[in-house]
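**Q** Below are the structure tokens for one structure; questions will follow.
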Amino acid sequence: MKKVFASFMVTTLCAAALLPARVSGKKSSPQEGAQQQQQPGAPAQVQSGVEVQFGERAVSGHVKHMARGKDKGKHLVPDKEYEPRFDPNGLTRLGYVTDPVVQTTASDSSLQPLMAPASDAAPAAPSPNAVTQLLGNPGFENGSASPAPWVPTAGVIDNSASEAPHGGAWKAWMNGYGTTHTDTLYQQVAIPSGATATLTFWLHIDSAETTTTTAFDTLTVQVRNSSNVVLSTLATYSNLNKAAGYTQKSFNLSSFQGQTIRVFLTGAEDSSLQTSFVVDDFALNADTGTPTPTPTPTPTPNPTPTPTPAPSALLNFDGLGNGGGYTPNAAPPDTNGAIGATQYVQWVNEAFAVYDKQTGARLAGPTNGNQLFQALGATHQCAVTNDGDPVVQYDKANNRWVLTQFAVTNGTTKGFYECIAVSQTSDATGAYNVYAFKEPNFNDYPKVGVWADAYYATYNMFSGNTFTGARLCAYDRAKMVAGQAATEQCFQLSSAFGGVLPADIDGSIAPPAGAPEYFVNFGSNSLNVWKMHVDWTTPASSTLTGPSTISVAAFSQACAGGTCIPQGGTTQKLDSLADRLMYRLAYRRFADGHEAMVLNHSVNPGTGPLSGVRWYELRITSNTPSLFQQGTYAIDSNSRWMGSIAMDKVGNIAVGYSVSGASLSPGIRFATRAPGDAAGTLGAESSIIAGGGSQTATLSRWGDYSALTVDPVDDCTFWYTTEYLKASGTFNWSTRIASFKLPTCQ
């Protein structure tokens, strides 16, 4: 067990409940396969549970990271300009590889996606061409004795009165047993070459489950090939979608023309409380484009495809920085922020502020970060040092703010700490429970993710100037929300792995019960995935498994991971920080039950600009992430980097980033895509603000990160913050906070 130092009075308030657990029949998490199990690292010292009131602006004193005539890499020995870098696969640099999936223009119709996704779209309008219904026995009226060409598991084809068919006398009734059970149903069919194909069926979901947050029972609709390999997951439905009556589902399968496929349904039910998935009256209509022999009216030409609707800009205002109520004295700003129920909190090196999310008015601050931790004691590292690398999170399920930075000055003699503050209410200007977790070495570049069972964090650990590997930690979320003494559990990776991100929940639907926390970094043309199960009762039972590897399109790091980003009006180049993933690893579970994560990093596109944003969408099935789509956004000669990515509740993706070029000062832009857009592509970009100047002298540090988050109230509005310059200079950065949403999300 980890030691807890309760040197200070703990003020415990009535905290909001954690994400609800199932009362009966709670599913146990599956085994993680044959992955090697590691044991938690050594206990960390922690001072915890201290209440502190949000302070007004602190009087500025000497700040550690003052400008010193050269680009001062924060947290470094004096003779090094840049933060220590690491190769994600070891000590050698990755070689240059041309990126084959680069998006070269915002609307280049010649781009070939890796796979055109099937879309849950309305069926095509009737055409005068030859339309053939390809499925046999589409309404199951041949009965259970002759289900062919359907291949069902036992008991699926049914004519009982307990569940009504959509039409006729028979239907396919999957699951409904109230015990652990899996049903499958499929039919193999050939889609003609050149055909426009649309799959439709009627679905009714009846469930005894009462939860409004957890998908215990699921129906997955897939396209598989004749060898039963999954080509596409069209949709996943669950007990959360239960409703009276039938609804028609429709999917465009035109991307599978010329192939023999299986329309494959899998119903999975857990150990108690039944969920019935009833399907009926299927059709797979193929329009070959050949006129029928009977006279028909002259066909109307197909309209031009409608582009993704442009996002609507909402608020756009200066955050902390030059002209934002704050005087910069360090670089880079490490701009970070999060949106809550009524407020937006931004934290830069080395202060934070609270804004009204309706008006953008500053409600409080700027306040030096270490002022949050004064209750730990006047001489405590977290109270004395104001070292930065801040992260702001909003715990949506508990309506709490989570603010953290490290304390590392004189760490070899006074200790290295991660300082964490958790608000006692949803008001960021109110009281906080504060914690100080002592780490074994320099805990650089902390990144935080909110998960159902813990707050998770990752660090790049250094012993002196030697990179020792990533450290993956869990913090007792329930205790911290309640203002009680809390512990951490950590695993140390080898020096072969760094730049790891923890998954961070967006939206109101929790991950499946027992789902592990996911961690990801990139390797050589791959993503590495770890899974952590934390056990707060028996820490020795906590496990970290991985890494498992997901192959992605070949890439090389922008600027070989270093400095090469051009700027207008100066020869000074900017740092790409392309040796690691960019924050966040945004996780979302959708209303239909499917799970996705999006992430990004900066790559060399091979032609044109020196940097583009490589982004990925992963889909998670049975706690196993796999690649769903990927792309590189590099649409002209300007470089795009330092991105942050997220998804809204309907699956729109947005990416915010910095943009700069030989004739362009660094500005702030974003691009979006809708679920029905061509796989691996983003639409036309929008500008948040144009750069008014470039960073000069010898200052190359930029970033080191930015933040795109999603409003927890409407689950549609994106909020983005990062840095820019109003005029050319050094240590004169400004920041911007902007919100926008796509009209398809309401």
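By order of appearance in the structure tokens: chains A, B, ..., then residues from 1 within every chain, and ligands from 1 in the order shown.
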Among segment 552-678 of chain A, which ones does DSSP place in helix (DSSP H, G or I), written as a ChimeraX atom specification?

**A** /A:558-561

**Q** Residues of the last selection are to be written out with N, CA and C atoms, as a short mmCIF file (atom, residue, chain, number, x, y, z; two decimals), in the first residue's frame.

**A**
```
data_model
loop_
_atom_site.label_atom_id
_atom_site.label_comp_id
_atom_site.auth_asym_id
_atom_site.auth_seq_id
_atom_site.Cartn_x
_atom_site.Cartn_y
_atom_site.Cartn_z
N ALA A 558 8.20 15.46 -38.87
CA ALA A 558 8.49 16.79 -39.42
C ALA A 558 9.79 17.31 -38.81
N CYS A 559 10.62 17.89 -39.64
CA CYS A 559 11.88 18.49 -39.18
C CYS A 559 12.76 17.47 -38.45
N ALA A 560 12.60 16.18 -38.77
CA ALA A 560 13.31 15.12 -38.05
C ALA A 560 13.11 15.25 -36.55
N GLY A 561 11.96 15.79 -36.16
CA GLY A 561 11.63 15.97 -34.76
C GLY A 561 12.12 17.26 -34.16
#
```

**Q** Pick out the residues sitting within 9 Å of segment 609-615 of chain A, and hand them over as a PyMOL selection string; count only C-alpha atoms, and ignore anything fewer than 3 positions along from it in its own chain.

**A** chain A and resi 102-103+555+557-559+564-566+576+578+598-606+629-643+645+655+657+661+680

**Q** Could you tell me which of A:Thr570, A:Gln187, A:Asn443, A:Thr153 comes closest to Pro666 of chain A if we count only C-alpha atoms?

**A**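 Smallest distance to Pro666 of chain A is found for A:Thr570.
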
**Q** Could you list, with a cut-off of 12 Å and counting only C-alpha atoms, the residues of segment 562-678 of chain A near segment 227-247 of chain A, each shown with its nearest atom pair and the distance in Å rounded to one decimal, rows sorted by chain and ascending number, as a Markdown table?

**A**
```
| residue | atom | partner | partner_atom | distance |
| --- | --- | --- | --- | --- |
| A:Arg589 | CA | A:Thr236 | CA | 10.7 |
| A:Phe590 | CA | A:Thr236 | CA | 9.1 |
| A:Ala591 | CA | A:Leu240 | CA | 7.1 |
| A:Asp592 | CA | A:Tyr237 | CA | 4.5 |
| A:Gly593 | CA | A:Thr236 | CA | 5.3 |
| A:His594 | CA | A:Thr236 | CA | 5.4 |
| A:Glu595 | CA | A:Thr236 | CA | 9.2 |
| A:Ala596 | CA | A:Thr236 | CA | 11.9 |
| A:Arg619 | CA | A:Thr233 | CA | 9.3 |
| A:Ile620 | CA | A:Thr233 | CA | 10.8 |
| A:Thr621 | CA | A:Thr233 | CA | 9.9 |
| A:Ser626 | CA | A:Val230 | CA | 11.6 |
| A:Leu627 | CA | A:Ser232 | CA | 11.1 |
| A:Phe628 | CA | A:Ser232 | CA | 8.7 |
| A:Gln629 | CA | A:Ser232 | CA | 11.0 |
| A:Pro675 | CA | A:Leu234 | CA | 11.7 |
| A:Gly676 | CA | A:Leu234 | CA | 11.9 |
```

**Q** Next, dump the selected residues to file, keeping only N, CA and C atoms, as a compact mmCIF listing (two decimals), in the first residue's frame.

**A**
```
# COMPACT_ATOMS: atom_id res chain seq x y z
N ARG A 589 -17.46 7.59 -26.64
CA ARG A 589 -18.40 6.50 -26.87
C ARG A 589 -19.71 7.11 -27.35
N PHE A 590 -20.19 6.62 -28.48
CA PHE A 590 -21.34 7.24 -29.13
C PHE A 590 -22.65 6.56 -28.70
N ALA A 591 -23.74 7.22 -29.04
CA ALA A 591 -25.05 6.73 -28.63
C ALA A 591 -25.35 5.36 -29.20
N ASP A 592 -24.78 5.03 -30.38
CA ASP A 592 -25.02 3.70 -30.95
C ASP A 592 -24.11 2.64 -30.34
N GLY A 593 -23.26 3.04 -29.38
CA GLY A 593 -22.42 2.09 -28.67
C GLY A 593 -21.00 1.98 -29.15
N HIS A 594 -20.69 2.49 -30.36
CA HIS A 594 -19.31 2.31 -30.84
C HIS A 594 -18.38 3.29 -30.15
N GLU A 595 -17.12 2.88 -30.02
CA GLU A 595 -16.10 3.66 -29.32
C GLU A 595 -15.03 4.10 -30.32
N ALA A 596 -14.53 5.32 -30.14
CA ALA A 596 -13.51 5.85 -31.05
C ALA A 596 -12.52 6.69 -30.26
N ARG A 619 -10.96 2.80 -33.80
CA ARG A 619 -12.21 2.24 -33.29
C ARG A 619 -11.86 1.12 -32.31
N ILE A 620 -12.65 0.99 -31.26
CA ILE A 620 -12.37 0.02 -30.20
C ILE A 620 -13.47 -1.03 -30.19
N THR A 621 -13.08 -2.28 -30.33
CA THR A 621 -14.00 -3.41 -30.24
C THR A 621 -13.46 -4.38 -29.21
N SER A 626 -8.26 -0.47 -33.09
CA SER A 626 -7.73 -0.74 -34.42
C SER A 626 -7.91 0.50 -35.27
N LEU A 627 -7.17 0.58 -36.37
CA LEU A 627 -7.21 1.75 -37.23
C LEU A 627 -8.49 1.78 -38.03
N PHE A 628 -9.22 2.90 -37.97
CA PHE A 628 -10.43 3.08 -38.76
C PHE A 628 -10.15 3.97 -39.97
N GLN A 629 -9.45 5.08 -39.76
CA GLN A 629 -9.05 5.94 -40.87
C GLN A 629 -7.86 6.78 -40.44
N PRO A 675 -18.87 12.75 -40.68
CA PRO A 675 -18.73 11.29 -40.78
C PRO A 675 -18.86 10.75 -42.19
N GLY A 676 -19.63 11.42 -43.05
CA GLY A 676 -19.82 10.92 -44.40
C GLY A 676 -18.79 11.37 -45.40
```

**Q** Looking at A:Gln371, A:Gln695, A:Ser622, A:Asn398, which one is nearest to Gly514 of chain A, with distances taken over only C-alpha atoms?

**A**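 That would be A:Ser622, the residue with the smallest distance to Gly514 of chain A.
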
**Q** Atom CA of Gly692 of chain A and atom CA of Gly729 of chain A are how many Å apart?

**A**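 Calculated distance between atom CA of Gly692 of chain A and atom CA of Gly729 of chain A is 10.5 Å.
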